[in-house]
Each structure stands twice: as C-alpha cells, then as structure tokens.
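Comments concern the structure below.
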Amino acid sequence: MNKFKKINIFALGWNGLFIIVPLVLMTILSFSTTRGFSLQEIEFSLSNFSKLTESFYFIAFKNSLKYSFITTFICLLIGYPTAFILSKSPIKNKNLLLILIILPSVSNLLLRVLAWEKSFAANSILNYLGISLNLLGTDLAIIIGMVSIYLPFMILPIYSSLEKVENSVLDAAKDLGATKLFTFKKVILPLTVPGIISGIVLTLLPSATTFVIPLRLGNGKVLLIGNIIEQSFKKTFNFNMGSLISLILMILILSFMVLIFKYDREGETL
Amino acid sequence: MSKKRYRLVSPLILTVTFSLLYFPLLIIAALSVNSSKLDYKFTGLSWKWYKEIFTHNGLLEVIKTTWIIAILATILSTIIGTLFALGINSLRAKKRKRLLMLNVVPLINADIVTAVSLSVIFSFLGITFGYPTLLLAHVFFCIPFVVISVLPKLSEIDEDIYFAARDLGMSKFEAIIKVVIPHIKTGIITGALMAFTMSIDDFVISYFVQGNGVNNFSIWLYSAMGRKSFTPAAYAYNTLVTILIFAIIIFISSKNNIKRRGR
C-alpha cells in the first residue's frame with residue numbers, strides 16, 4: 001500500500017518533535033548552568049558532569065541498580081513459572097487468564113502503592129487478622145511493592161512467547177525420546193528467550209526509575225534516580241542536572257531497545 | 001519435574017502470583033467500604049465514600065479533568081495511531097523496522113524520561129501548561145499502544161483488497177473506511193482500550209506537564225497522600241473505575257471469542 005507512505009512524513013515529524021528535539025534540548029541543558037529554558041544567554045560548562053561524582057548521585061544510581069535487579073530477578077523467578085503454568089492450563093478461554101493478569105494494572109498505581117503502605121504500617125487493618133507487618137522503610141517493603149506492581153510486565157511477554165511454541169515441535173522432541181526436562185531446557189527455554197528479554201527490560205526500566213514506590217514504601221529514606229529527577233524538576237528547579245540524568249537514562253534505555261529489536265520480531269514486545 | 005511435583009508446585013506459584021497482584025486491590029476495596037476515615041480502624045460497612053465522590057471538594061473536579069483528557073486522548077491517539085500503523089505497514093525491511101522503533105520509543109522509555117522530554121519541549125515551545133500540555137502528552141504516549149495493536153492486524157490482510165476497492169471505483173478515503181478499517185477493527189479497539197487505560201491512570205508524565213492548577217486524579221492523589229485533604233472516596237472512585245474497565249474488557253473479549261467460534 002504505497003499510497004500510505006506520505007503518512008510517514010507526518011509520523012517522522014511528530015516523533016522528531018517530541019523525541020529527537022527534546023533530546024537535543026536536554027543535551028544543551030546538560031552542558032549549561034543557566035537556569036531556566038532560555039537558550040539565548042546560555043553558558044556552557046561541564047560542572048554538571050563533575051557533580052555526578054558526588055556521593056548523593058552515586059548512592060541513587062547504586063540504589064536504583066540494587067532494587068531494580070532484585071525486583072527483576074524475583075519477577076523472573078515467579079513470572080516464568082506462572083506464564084508456563086497458565087500457557088499449559090486446560091482452560092479453553094485463555095484470554096480470561098490474561099485478563100486476570102492485566103486487571104490489577106487497571107487499578108491506579110499510586111493507590112496500589114498506598115494500599116501496600118497502609119498494610120505495611122504497624123497499625124493497619126490487618127491487625128484485625130492478628131497481623132502487624134511493621135515493614136515500612138525496609139528493603140523488603142520496597143521490593144514487595146515493586147514486584148507486585150511490575151510482575152505483569154514480566155508474565156505477559158513470556159506468556160506470549162510460550163504460546164508461540166508450536167505443539168508439533170514439542171511432539172517432535174517427545175518422539176525423538178527427549179525427557180520433559182530435556183525438552184524444556186533444549187527446546188522451550190531457547191524459544192522463549194525473546195519473551196524473557198522483553199520481560200526483563202519491561203520490569204527493569206520502570207523499577208529502576210520509579211520515584212513513588214521508594215518515597216512511600218521507603219519512608220522517604222531511600223533515593224532512586226527517579227527521586228533525583230523529580231526533585232530537580234519539581235523542587236530545586238535545577239533543570240540542567242535533571243536533564244543530564246534523564247539523558248544518561250535515555251541513552252541506556254535506547255541501547256536496551258536496540259537489544260530488544262535485535263531479538264524481537266514485530267509486535268512481540270508486549 | 002515429575003507430574004506429581006508439578007501438580008504440587010504449580011498451585012503454590014499461582015497463589016504467590018495472584019496474592020501479590022490482588023492484595024492491594026482487596027485492601028483498596030476494603031477501605032472503600034470502611035465507615036471510618038482512619039485506615040487502620042474498621043468500624044463497619046458504609047457506602048458513604050461512594051457518595052462522597054460526588055460531594056467532595058476538589059475530587060470531582062480532578063475526576064472530570066481525568067475523564068475529559070482520557071476520552072479526548074483516546075479518540076485522537078486512535079486516529080493518529082491507526083494512520084501511523086498504515087504508514088509503517090507500507091514500508092519494507094529496514095525502513096519499516098526503524099520507523100517502528102522510533103514510534104515505540106515512548107512505550108519502552110522510562111515514564112520519567114518521557115515526562116522530562118515533554119516538559120522540556122513544551123517549555124521551549126512556550127505552550128501553556130495545563131489542559132493543552134496534558135492532552136498533547138497523553139496523545140503522545142497513547143499512540144504507540146494503538147500502533148502496536150493495529151500493525152499486526154494490518155500485516156495479516158491482503159494488500160490486494162485495497163487495490164481491488166480502488167479499481168472498483170472507491171475513493172482512497174472510502175477504500176480505507178469501508179474496506180481496510182473493518183479488517184483491522186479488533187486491533188483498533190484493543191489499541192483504543194489500552195490507550196484509555198493508560199491515560200486514565202497516568203501519573204508520572206501528567207505530573208511533569210501539569211500546570212495552572214489543572215490536575216488529574218493521580219496528581220491530586222500524590223499531593224493528598226498522607227495529608228488531611230485525602231479522602232477514602234479515592235478508594236471508592238478507583239474501585240468503581242477498576243470494575244468498569246474490567247467489565248468492558250470482559251465484554252469485548254467475550255464478543256471476540258464468540259466471533260472466533262462462529263467462523
């Protein structure tokens with residue numbers, strides 16, 4: 001349908017304006033110390049980059065890595081078996097199973113975090129069940145919150161890649177005498193690598209950059225990259241530092257994306 | 001793994017998964033019918049928070065904004081996203097992959113980075129912060145959801161049906177509306193539903209492009225959390241929206257299912 005090629009000019013313009021131009025602007029802001037967005041009286045300097053070595057930023061990067069890696073690992077540990085069990089389930093209407101996984105994400109994210117916060121408090125309605133979790137401010141609270149919120153992003157891509165494994169392939173493995181475990185290791189697992197990679201990226205990124213979860217469940221004591229960006233744009237109005245950190249994140253994310261697209265064919269990402 | 005062990009372990013894993021996913025929803029539902037405003041005291045069942053949604057100062061206002069933005073953003077992003085998908089579908093190999101990648105950047109990008117990018121470009125262009133920036137931002141991050149739902153349906157259909165329609169005397173516009181759209185309808189509906197769900201719950205991006213006192217539900221909630229201005233009516237509202245969207249999803253999926261069986 002060559003007639004539609006003209007639309008691509010508009011698509012390029014739209015994405016250029018909202019993706020590429022901001023990237024350029026953020027790069028300029030990162031190299032300057034001039035407050036605000038005026039580009040006329042801009043002064044270039046590298047002082048933002050030297051600030052990056054301050055322990056404040058270092059701790060935030062370290063925390064982001066720590067929490068997001070633990071969260072992603074646990075999500076994979078729970079998510080892969082869950083996707084596997086669901087894909088093997090004898091229920092005819094498999095869409096219903098998927099809906100059950102997606103449904104919690106329909107509920108407002110902030111309220112779900114708030115619900116965890118209320119439950120983790122020493123005094124909560126769980127007291128009526130004889131439970132007092134008293135976990136607020138601990139690593140465990142943050143991790144449970146993150147896993148609960150990002151788990152669907154791990155399950156869905158793995159499930160869809162499991163669904164694509166043809167039964168004939170499994171039958172062939174069985175006919176050739178492979179045990180179930182061997183079939184899983186040598187046939188199913190390699191075929192679902194694209195789903196695993198998509199799942200890892202889709203869990204890792206949001207958990208590394210969230211600022212609501214550490215703020216609420218960490219009692220405000222734990223700082224992640226997201227918290228620093230939020231503070232620089234919303235509290236200290238240091239757009240330069242905020243832009244620099246966002247830019248670094250963006251570069252990391254774009255390299256991730258290239259990785260996904262290398263492994264992933266069209267539309268498999270979600 | 002032996003069959004016996006699989007049967008033992010799988011319910012355990014499903015229990016862990018579903019408790020992690022559904023625990024917060026249960027708490028929200030419980031607090032929405034709790035007659036006490038104190039979230040650690042359960043003093044009895046009451047519908048008063050459901051009534052307060054409509055009487056609370058401020059809450060109704062932000063709910064209205066949230067819905068106006070979500071409905072407009074869904075309509076606009078569905079139209080633009082479908083057009084983008086048609087465009088991408090007309091390309092082959094490398095060009096197609098590249099443009100698709102550019103189109104799905106907001107989908108994979110961290111919310112906070114998209115939020116920063118948009119707030120920088122909006123400030124730079126001098127767009128008034130408030131309704132215009134919120135709507136533009138929501139349309140921007142909703143489009144990729146429509147593109148990725150429509151594109152697979154487009155690649156399924158035979159290109160010739162469009163040309164056949166043109167040969168038979170339909171105008172370009174007619175051929176799209178009467179021939180192409182019906183074939184990709186399910187993709188468009190899925191995309192629109194995803195866009196709506198994303199828009200109605202968005203916090204991070206809205207928070208960065210908000211201004212002039214125009215807030216959506218999430219932004220209001222963020223500033224009210226842990227403060228006196230918070231009302232359990234928020235739990236009630238959220239429970240209603242969750243049930244509503246759940247009902248829509250079930251309705252659409254059951255309709256699709258019946259169709260598939262009928263074929």
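Identifiers for the structure tokens are assigned positionally: chains receive A, B, ... in sequence, residues are indexed from 1 per chain, and ligands are indexed from 1 in the order shown.
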Just asking: which residues within segment 36-116 of chain A are helix (DSSP H, G or I) according to DSSP, as a PyMOL selection string? chain A and resi 47-51+55-88+94-106+109-116
Residues of chain B no more than 6 Å from chain A, counting only C-alpha atoms: send them over as a ChimeraX atom specification. /B:20-21,24,27,40-41,87,90,110,113,117,121,148,201,242
Just want the 10 Å neighbourhood of segment 122-135 of chain B, counted on only C-alpha atoms, with same-chain residues fewer than 2 positions away dropped. Output as a PyMOL selection string. (chain A and resi 18+22+25+36-39) or (chain B and resi 65-66+68-74+76+116-120+137-140+199+205-216)
Please write the residues from the selection above to a file, keeping N, CA and C atoms, as an mmCIF file, in the first residue's frame.
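What ended up in selection-v5.cif:
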```cif
data_model
loop_
_atom_site.group_PDB
_atom_site.id
_atom_site.type_symbol
_atom_site.label_atom_id
_atom_site.label_comp_id
_atom_site.auth_asym_id
_atom_site.auth_seq_id
_atom_site.Cartn_x
_atom_site.Cartn_y
_atom_site.Cartn_z
ATOM 1 N N PHE A 18 8.789 15.400 19.273
ATOM 2 C CA PHE A 18 8.602 15.020 20.682
ATOM 3 C C PHE A 18 9.641 14.037 21.223
ATOM 4 N N PRO A 22 13.575 17.142 21.907
ATOM 5 C CA PRO A 22 13.836 17.207 23.346
ATOM 6 C C PRO A 22 15.205 16.637 23.727
ATOM 7 N N LEU A 25 17.623 19.330 23.069
ATOM 8 C CA LEU A 25 17.487 20.381 24.091
ATOM 9 C C LEU A 25 18.065 19.923 25.433
ATOM 10 N N GLY A 36 16.648 27.789 33.916
ATOM 11 C CA GLY A 36 15.513 28.007 33.031
ATOM 12 C C GLY A 36 15.748 27.456 31.643
ATOM 13 N N PHE A 37 14.854 27.798 30.712
ATOM 14 C CA PHE A 37 14.899 27.193 29.391
ATOM 15 C C PHE A 37 15.365 28.141 28.298
ATOM 16 N N SER A 38 15.790 29.361 28.692
ATOM 17 C CA SER A 38 16.178 30.319 27.665
ATOM 18 C C SER A 38 17.515 29.908 27.054
ATOM 19 N N LEU A 39 17.538 29.848 25.711
ATOM 20 C CA LEU A 39 18.760 29.412 25.053
ATOM 21 C C LEU A 39 19.624 30.592 24.604
ATOM 22 N N THR B 65 -11.508 16.290 34.962
ATOM 23 C CA THR B 65 -10.335 16.531 34.112
ATOM 24 C C THR B 65 -9.775 15.213 33.588
ATOM 25 N N THR B 66 -9.628 14.225 34.486
ATOM 26 C CA THR B 66 -9.064 12.932 34.100
ATOM 27 C C THR B 66 -9.856 12.310 32.951
ATOM 28 N N ILE B 68 -12.080 13.824 30.824
ATOM 29 C CA ILE B 68 -12.048 14.617 29.582
ATOM 30 C C ILE B 68 -10.759 14.327 28.824
ATOM 31 N N ILE B 69 -9.620 14.385 29.548
ATOM 32 C CA ILE B 69 -8.330 14.121 28.909
ATOM 33 C C ILE B 69 -8.293 12.699 28.353
ATOM 34 N N ALA B 70 -8.772 11.723 29.150
ATOM 35 C CA ALA B 70 -8.684 10.320 28.712
ATOM 36 C C ALA B 70 -9.524 10.084 27.458
ATOM 37 N N ILE B 71 -10.734 10.643 27.426
ATOM 38 C CA ILE B 71 -11.604 10.413 26.268
ATOM 39 C C ILE B 71 -11.034 11.089 25.014
ATOM 40 N N LEU B 72 -10.637 12.365 25.168
ATOM 41 C CA LEU B 72 -10.064 13.069 24.005
ATOM 42 C C LEU B 72 -8.771 12.392 23.534
ATOM 43 N N ALA B 73 -7.911 12.031 24.485
ATOM 44 C CA ALA B 73 -6.628 11.418 24.118
ATOM 45 C C ALA B 73 -6.861 10.078 23.435
ATOM 46 N N THR B 74 -7.867 9.322 23.898
ATOM 47 C CA THR B 74 -8.152 8.031 23.266
ATOM 48 C C THR B 74 -8.606 8.221 21.824
ATOM 49 N N LEU B 76 -8.156 10.864 19.759
ATOM 50 C CA LEU B 76 -7.091 11.391 18.903
ATOM 51 C C LEU B 76 -5.992 10.360 18.660
ATOM 52 N N VAL B 116 10.208 14.131 31.340
ATOM 53 C CA VAL B 116 11.191 15.213 31.281
ATOM 54 C C VAL B 116 11.282 15.755 29.855
ATOM 55 N N SER B 117 11.381 14.844 28.864
ATOM 56 C CA SER B 117 11.465 15.287 27.465
ATOM 57 C C SER B 117 10.296 16.184 27.114
ATOM 58 N N LEU B 118 9.081 15.751 27.482
ATOM 59 C CA LEU B 118 7.901 16.520 27.100
ATOM 60 C C LEU B 118 7.881 17.864 27.824
ATOM 61 N N SER B 119 8.235 17.863 29.103
ATOM 62 C CA SER B 119 8.171 19.138 29.820
ATOM 63 C C SER B 119 9.212 20.109 29.261
ATOM 64 N N VAL B 120 10.361 19.580 28.819
ATOM 65 C CA VAL B 120 11.389 20.441 28.214
ATOM 66 C C VAL B 120 10.888 21.016 26.885
ATOM 67 N N ALA B 137 0.508 15.518 25.742
ATOM 68 C CA ALA B 137 1.352 14.479 26.325
ATOM 69 C C ALA B 137 0.636 13.130 26.300
ATOM 70 N N HIS B 138 -0.648 13.136 26.663
ATOM 71 C CA HIS B 138 -1.389 11.872 26.690
ATOM 72 C C HIS B 138 -1.542 11.288 25.287
ATOM 73 N N VAL B 139 -1.847 12.152 24.299
ATOM 74 C CA VAL B 139 -1.937 11.665 22.923
ATOM 75 C C VAL B 139 -0.600 11.045 22.529
ATOM 76 N N PHE B 140 0.492 11.739 22.905
ATOM 77 C CA PHE B 140 1.832 11.266 22.543
ATOM 78 C C PHE B 140 2.120 9.873 23.099
ATOM 79 N N SER B 199 -4.161 6.329 29.826
ATOM 80 C CA SER B 199 -4.414 7.749 30.062
ATOM 81 C C SER B 199 -5.092 7.988 31.404
ATOM 82 N N ILE B 205 3.934 11.211 33.870
ATOM 83 C CA ILE B 205 4.014 12.159 32.766
ATOM 84 C C ILE B 205 3.098 13.361 33.030
ATOM 85 N N SER B 206 1.872 13.084 33.500
ATOM 86 C CA SER B 206 0.943 14.185 33.792
ATOM 87 C C SER B 206 1.529 15.131 34.833
ATOM 88 N N TYR B 207 2.182 14.543 35.837
ATOM 89 C CA TYR B 207 2.744 15.319 36.936
ATOM 90 C C TYR B 207 3.799 16.305 36.432
ATOM 91 N N PHE B 208 4.561 15.887 35.410
ATOM 92 C CA PHE B 208 5.620 16.763 34.899
ATOM 93 C C PHE B 208 5.095 17.813 33.923
ATOM 94 N N VAL B 209 3.963 17.572 33.273
ATOM 95 C CA VAL B 209 3.492 18.554 32.287
ATOM 96 C C VAL B 209 2.261 19.306 32.790
ATOM 97 N N GLN B 210 1.919 19.097 34.069
ATOM 98 C CA GLN B 210 0.746 19.759 34.635
ATOM 99 C C GLN B 210 1.087 21.220 34.938
ATOM 100 N N GLY B 211 0.052 22.050 35.038
ATOM 101 C CA GLY B 211 0.306 23.437 35.376
ATOM 102 C C GLY B 211 -0.963 24.222 35.504
ATOM 103 N N ASN B 212 -0.861 25.433 35.996
ATOM 104 C CA ASN B 212 -2.001 26.342 36.154
ATOM 105 C C ASN B 212 -3.190 25.707 36.880
ATOM 106 N N GLY B 213 -2.886 24.854 37.852
ATOM 107 C CA GLY B 213 -3.942 24.302 38.689
ATOM 108 C C GLY B 213 -4.775 23.208 38.049
ATOM 109 N N VAL B 214 -4.439 22.812 36.802
ATOM 110 C CA VAL B 214 -5.185 21.718 36.174
ATOM 111 C C VAL B 214 -4.535 20.388 36.578
ATOM 112 N N ASN B 215 -5.246 19.600 37.360
ATOM 113 C CA ASN B 215 -4.701 18.333 37.848
ATOM 114 C C ASN B 215 -5.590 17.175 37.457
ATOM 115 N N ASN B 216 -4.969 15.993 37.251
ATOM 116 C CA ASN B 216 -5.806 14.809 37.096
ATOM 117 C C ASN B 216 -5.852 14.063 38.434
#
```
Excluding Gly137 of chain A and residues on its chain fewer than 2 positions from it, collect all residues at most 9 Å away from it, counting only C-alpha atoms, and give them as a PyMOL selection string. chain A and resi 134-135+139-142+214+216-222
Export of the given selection (all heavy atoms) as a short mmCIF file (atom, residue, chain, number, x, y, z; two decimals), in the first residue's frame:
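Output file again36.cif is given in full below:
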```cif
data_model
loop_
_atom_site.label_atom_id
_atom_site.label_comp_id
_atom_site.auth_asym_id
_atom_site.auth_seq_id
_atom_site.Cartn_x
_atom_site.Cartn_y
_atom_site.Cartn_z
N ASN A 134 4.58 -4.10 60.10
CA ASN A 134 5.61 -3.15 60.50
C ASN A 134 6.85 -3.22 59.61
O ASN A 134 7.96 -3.41 60.09
CB ASN A 134 5.98 -3.39 61.97
CG ASN A 134 6.68 -2.16 62.55
OD1 ASN A 134 6.71 -1.11 61.90
ND2 ASN A 134 7.24 -2.29 63.73
N LEU A 135 6.64 -3.08 58.32
CA LEU A 135 7.74 -3.22 57.37
C LEU A 135 8.14 -1.89 56.74
O LEU A 135 9.12 -1.82 56.01
CB LEU A 135 7.34 -4.17 56.24
CG LEU A 135 7.39 -5.67 56.52
CD1 LEU A 135 6.81 -6.43 55.34
CD2 LEU A 135 8.81 -6.11 56.79
N ASP A 139 13.90 -2.58 53.10
CA ASP A 139 14.13 -3.02 51.72
C ASP A 139 13.02 -3.95 51.26
O ASP A 139 12.56 -3.88 50.14
CB ASP A 139 15.47 -3.77 51.63
CG ASP A 139 16.64 -2.81 51.59
OD1 ASP A 139 16.39 -1.58 51.61
OD2 ASP A 139 17.79 -3.28 51.55
N LEU A 140 12.61 -4.84 52.19
CA LEU A 140 11.60 -5.84 51.85
C LEU A 140 10.31 -5.17 51.38
O LEU A 140 9.70 -5.59 50.40
CB LEU A 140 11.34 -6.73 53.07
CG LEU A 140 10.43 -7.93 52.81
CD1 LEU A 140 11.06 -8.87 51.79
CD2 LEU A 140 10.11 -8.68 54.11
N ALA A 141 9.91 -4.10 52.08
CA ALA A 141 8.68 -3.40 51.71
C ALA A 141 8.78 -2.87 50.28
O ALA A 141 7.86 -3.03 49.47
CB ALA A 141 8.42 -2.25 52.67
N ILE A 142 9.92 -2.25 49.97
CA ILE A 142 10.09 -1.68 48.62
C ILE A 142 10.07 -2.79 47.57
O ILE A 142 9.41 -2.67 46.53
CB ILE A 142 11.42 -0.88 48.53
CG1 ILE A 142 11.37 0.28 49.53
CG2 ILE A 142 11.66 -0.38 47.13
CD1 ILE A 142 12.64 1.09 49.59
N PRO A 214 9.74 4.09 46.18
CA PRO A 214 10.70 4.31 47.27
C PRO A 214 10.25 5.42 48.23
O PRO A 214 10.48 5.34 49.42
CB PRO A 214 11.99 4.69 46.55
CG PRO A 214 11.60 5.03 45.17
CD PRO A 214 10.37 4.27 44.87
N ARG A 216 7.15 6.31 49.12
CA ARG A 216 6.07 5.91 50.03
C ARG A 216 6.45 4.70 50.89
O ARG A 216 6.21 4.69 52.08
CB ARG A 216 4.78 5.59 49.27
CG ARG A 216 4.25 6.68 48.38
CD ARG A 216 4.02 8.00 49.05
NE ARG A 216 3.21 7.93 50.27
CZ ARG A 216 2.79 9.00 50.93
NH1 ARG A 216 3.07 10.22 50.49
NH2 ARG A 216 2.08 8.87 52.02
N LEU A 217 7.02 3.66 50.25
CA LEU A 217 7.30 2.43 51.00
C LEU A 217 8.64 2.48 51.71
O LEU A 217 8.88 1.75 52.67
CB LEU A 217 7.24 1.22 50.07
CG LEU A 217 5.91 1.03 49.33
CD1 LEU A 217 5.94 -0.23 48.49
CD2 LEU A 217 4.74 0.98 50.31
N GLY A 218 9.54 3.36 51.24
CA GLY A 218 10.84 3.50 51.89
C GLY A 218 10.82 4.61 52.92
O GLY A 218 11.86 5.00 53.43
N ASN A 219 9.65 5.12 53.20
CA ASN A 219 9.50 6.20 54.18
C ASN A 219 10.31 7.44 53.81
O ASN A 219 10.70 8.22 54.68
CB ASN A 219 9.95 5.72 55.56
CG ASN A 219 8.75 5.58 56.49
OD1 ASN A 219 7.68 6.09 56.17
ND2 ASN A 219 8.94 4.92 57.61
N GLY A 220 10.60 7.62 52.52
CA GLY A 220 11.36 8.79 52.09
C GLY A 220 12.84 8.72 52.39
O GLY A 220 13.57 9.66 52.12
N LYS A 221 13.30 7.58 52.93
CA LYS A 221 14.72 7.48 53.29
C LYS A 221 15.56 6.98 52.13
O LYS A 221 16.76 7.20 52.09
CB LYS A 221 14.89 6.52 54.48
CG LYS A 221 14.49 7.14 55.82
CD LYS A 221 14.72 6.16 56.96
CE LYS A 221 13.79 4.99 56.84
NZ LYS A 221 13.79 4.10 58.02
N VAL A 222 14.91 6.27 51.19
CA VAL A 222 15.65 5.67 50.08
C VAL A 222 15.51 6.52 48.83
O VAL A 222 14.40 6.87 48.43
CB VAL A 222 15.11 4.25 49.79
CG1 VAL A 222 15.92 3.60 48.69
CG2 VAL A 222 15.14 3.42 51.05
#
```
Residue contacts of segment 44-48 of chain A (8 Å, only C-alpha atoms) excluding same-chain residues fewer than 2 positions away, as a ChimeraX atom specification: /A:30-33,42,50-52,240-241,244
Pull C-alpha atoms from the residues just selected and write them as a PDB file, in the first residue's frame.
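File result-v3.pdb, as written:
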```
ATOM      1  CA  SER A  30      23.170  19.304  30.428  1.00  0.00           C
ATOM      2  CA  PHE A  31      26.153  21.301  29.239  1.00  0.00           C
ATOM      3  CA  SER A  32      24.954  24.562  30.723  1.00  0.00           C
ATOM      4  CA  THR A  33      24.429  26.041  34.134  1.00  0.00           C
ATOM      5  CA  ILE A  42      23.359  30.186  27.617  1.00  0.00           C
ATOM      6  CA  SER A  50      31.616  16.849  37.683  1.00  0.00           C
ATOM      7  CA  LYS A  51      28.676  16.998  40.115  1.00  0.00           C
ATOM      8  CA  LEU A  52      27.742  13.484  39.042  1.00  0.00           C
ATOM      9  CA  ASN A 240      20.252  21.185  33.959  1.00  0.00           C
ATOM     10  CA  MET A 241      21.094  18.420  36.395  1.00  0.00           C
ATOM     11  CA  LEU A 244      21.701  15.338  32.364  1.00  0.00           C
TER      12      LEU A 244
END
```
Need to verify the contact set: segment 152-162 of chain B, 12 Å, only C-alpha atoms, exclusion of same-chain residues closer than 5 positions in sequence. Can you return it as a VMD selection string? (chain A and resid 1 to 4 265 to 268 270) or (chain B and resid 82 to 92 96 100 146 to 147 167 to 191)
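Of note, atom CA of Thr138 of chain A and atom CA of Ala224 of chain B are spaced 23.2 Å apart.
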d(atom CA of Ile53 of chain B, atom CA of Phe196 of chain B) in Å: 21.0 Å
Work out how far apart atom CA of Tyr222 of chain B and atom CA of Asp202 of chain B are and give it in Å to one decimal.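 A separation of 11.7 Å between them.
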